[in-house]
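Read the structure below first, then the notes.
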Amino acid sequence: MSRYITILFIINCAAAVHGIVLSIILWTRKKNRRANHVLAVLVFLFSIGMAGPFYFSNRFYLHVPALAPFFNALPYTFGPLLFLYVRALTHRRFTLTKIDGLHAVPAVLVLLYYSSLYFMPSAEKIALPEKIYFQQTVFSYTSIAAGLLQALIYVVLCFRLLRIHTRKIKESFSAVEKVNLSWVHHRVSIYIVIWAIACGLQAFPPGGPTAENPDVAIAYFLISLTLFSIGYRGMDQPEIFKGIPDYSPPKKNKKFEWTGLSREKGKQIKEDLLRVMEEKRLYLAPDLTLPQVAVVMDIPSHRLSQVINERMKQNFFQFINGYRVETAKGKLSRPGNEGDELTKIALDSGFNSLAAFNRVFKDITGESPSQFCKRFAKGGHAPRGAFGDQGALLKNRPLDPRKTSD
């Protein structure tokens with residue numbers, strides 16, 4: 001190996017050892033155990049797989065051909081394991097089932113195909129890897145395309161789970177910054193970009209396929225940084241639905257199918273909910289959840305969710321933040337409050353951060369808090385909020401969170 005390749009090999013070996021240690025730590029973590037177990041397996045296998053580019057590019061298969069099937073099959077486990085990790089994070093009672101065994105089929109098929117090496121004469125054992133890695137043939141391109149296609153499919157499935165998760169948490173949480181898993185979305189996006197680059201470098205290596213081409217090894221190293229960052233971030237990720245009752249929100253444009261809630265009872269729950277919100281101002285609690293409101297009202301969580309969705313045409317997140325925005329608008333337009341900092345107004349209105357305040361305020365009113373202040377200072381009128389019931393209760397009645405009812 002050249003000096004450059006040797007240095008890169010040492011760096012990747014150090015990263016692989018680090019990944020193996022990280023996988024052991026993840027496996028022993030008690031927090032979010034099921035998800036961390038899946039992530040530990042992914043990090044461990046990828047750390048082992050980092051030796052693959054050096055194994056082939058330096059033709060170690062000439063001396064240890066038995067490892068070739070293993071290194072060829074290993075990349076087909078990364079996508080499924082990443083998908084299972086996201087599923088473990090976003091599902092309340094994640095367990096592996098028999099049907100999940102289908103995710104291993106591509107890796108097993110690749111392993112079986114390349115296992116034919118064990119029964120080939122010595123010359124053919126050398127010729128097959130040479131054909132795959134050092135000759136630009138239809139077979140080699142097909143192999144690379146299949147690996148990339150599988151990775152893309154699982155990334156799309158991950159994004160779908162995360163999108164469903166975003167809708168689900170808004171049925172139970174009034175603040176989603178700590179549970180929205182946006183960090184997973186970002187890292188999965190980086191993962192597939194680097195993976196696509198690695199496949200491109202393998203299919204069309206600069207200077208042609210040669211043993212001294214380190215580009216794929218570099219791509220593996222960059223992917224390892226992404227996966228390791230998922231590992232470290234995942235260690236601090238709590239179980240999202242811990243303490244949240246088990247029920248499913250309705251699908252878009254579909255009504256709840258729960259029974260036992262008459263029209264009169266639904267109307268009464270709605271009136272009680274609006275009264276509780278006005279009197280107790282629960283929305284001023286930054287981390288308010290649907291079950292907490294249900295406890296105050298002494299009704300089942302699913303009934304409360306049904307009323308909010310069907311009768312108010314909102315989810316819990318929209319309902320609570322509607323109150324918070326109306327409260328903030330009152331504070332922003334109150335004479336003498338011009339000097340108040342936005343952060344203070346945001347926290348006093350029930351938001352847990354200025355960033356969340358700015359984002360939600362603009363989503364509801366169509367303008368940022370700063371734009372609202374400027375327009376109001378020029379004699380403009382605040383646009384009526386999208387939340388009719390809340391707006392009616394709070395209109396011309398700026399609330400003071402220091403006078404919250406018991």
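Letters for chains follow the order of the structure tokens (A, B, ...), residue numbers begin at 1 for each chain, and ligand numbers begin at 1 in the order shown.
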Could you name the residues that touch A:Val325 at 8 Å or less, counting only C-alpha atoms, but leaving out those on the same chain fewer than 6 positions away, as an MDAnalysis selection string? chainID A and resid 349 360:361 364
List as JSON, numbers by chain the protein and nucleic acid residues near A:Val295, meaning an atom at most 12 Å away when only C-alpha atoms are counted, but skip any in the same chain fewer than 3 places from it. {"A": [244, 245, 273, 276, 282, 288, 289, 290, 291, 292, 298, 299, 300, 301, 302, 303, 304]}
Residues as selected, C-alpha atoms, written as an mmCIF file, in the first residue's frame, can you do that?
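out_36.cif was written with the following content:
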data_model
loop_
_atom_site.group_PDB
_atom_site.id
_atom_site.type_symbol
_atom_site.label_atom_id
_atom_site.label_comp_id
_atom_site.auth_asym_id
_atom_site.auth_seq_id
_atom_site.Cartn_x
_atom_site.Cartn_y
_atom_site.Cartn_z
ATOM 1 C CA ILE A 244 -48.878 8.706 26.810
ATOM 2 C CA PRO A 245 -51.997 6.480 26.518
ATOM 3 C CA LEU A 273 -62.637 22.150 27.505
ATOM 4 C CA VAL A 276 -61.019 24.886 31.528
ATOM 5 C CA LEU A 282 -53.269 25.126 31.132
ATOM 6 C CA LEU A 288 -48.492 20.315 28.299
ATOM 7 C CA THR A 289 -49.781 17.006 26.914
ATOM 8 C CA LEU A 290 -53.215 15.718 25.992
ATOM 9 C CA PRO A 291 -53.331 13.204 28.889
ATOM 10 C CA GLN A 292 -52.619 16.001 31.377
ATOM 11 C CA ASP A 298 -61.555 13.695 34.289
ATOM 12 C CA ILE A 299 -62.311 12.166 30.902
ATOM 13 C CA PRO A 300 -60.497 9.546 28.774
ATOM 14 C CA SER A 301 -57.749 10.898 26.544
ATOM 15 C CA HIS A 302 -59.243 9.399 23.407
ATOM 16 C CA ARG A 303 -62.561 11.171 24.028
ATOM 17 C CA LEU A 304 -60.813 14.494 24.413
#
Considering only alpha helix (DSSP H) as DSSP defines it on the backbone, what residues of stretch 61-298 of chain A qualify? List them as JSON, numbers by chain. {"A": [68, 69, 70, 71, 72, 73, 75, 76, 77, 78, 79, 80, 81, 82, 83, 84, 85, 86, 87, 88, 89, 90, 105, 106, 107, 108, 109, 110, 111, 112, 113, 114, 122, 123, 124, 125, 126, 127, 128, 129, 130, 131, 132, 133, 138, 139, 140, 141, 142, 143, 144, 145, 146, 147, 148, 149, 150, 151, 152, 153, 154, 155, 156, 157, 158, 159, 160, 161, 162, 163, 164, 165, 166, 167, 168, 169, 182, 183, 184, 185, 186, 187, 188, 189, 190, 191, 192, 193, 194, 195, 196, 197, 198, 199, 200, 201, 202, 203, 215, 216, 217, 218, 219, 220, 221, 222, 223, 224, 225, 226, 227, 228, 229, 230, 231, 232, 233, 234, 235, 263, 264, 265, 266, 267, 268, 269, 270, 271, 272, 273, 274, 275, 276, 277, 278, 279, 280, 290, 291, 292, 293, 294, 295, 296, 297]}
Compile the contact shell of A:Trp27 as a PyMOL selection string: residues with an atom at most 8 Å away, counting only C-alpha atoms, same-chain residues fewer than 3 positions apart removed. chain A and resi 23-24+33+36-37+40
So which one's closest to A:Ser140, A:Ser224, A:Lys362, A:Gly266, A:Gln202? Using only C-alpha atoms, please. A:Gln202
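Note that the spacing between atom CA of A:Ala66 and atom CA of A:Arg3 amounts to 27.4 Å.
Residues surrounding A:Val108 within 8 Å are Ala73, Ala104 and Leu112 of chain A [only C-alpha atoms; sequence separation below 4 positions excluded].
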Mind writing the picked residues with C-alpha atoms as an mmCIF file, in the first residue's frame?
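Wrote part06.cif, looks like this:
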data_model
loop_
_atom_site.group_PDB
_atom_site.id
_atom_site.type_symbol
_atom_site.label_atom_id
_atom_site.label_comp_id
_atom_site.auth_asym_id
_atom_site.auth_seq_id
_atom_site.Cartn_x
_atom_site.Cartn_y
_atom_site.Cartn_z
ATOM 1 C CA ALA A 73 -23.527 -9.047 1.734
ATOM 2 C CA ALA A 104 -32.684 -9.931 5.631
ATOM 3 C CA LEU A 112 -25.532 -17.294 -0.937
#
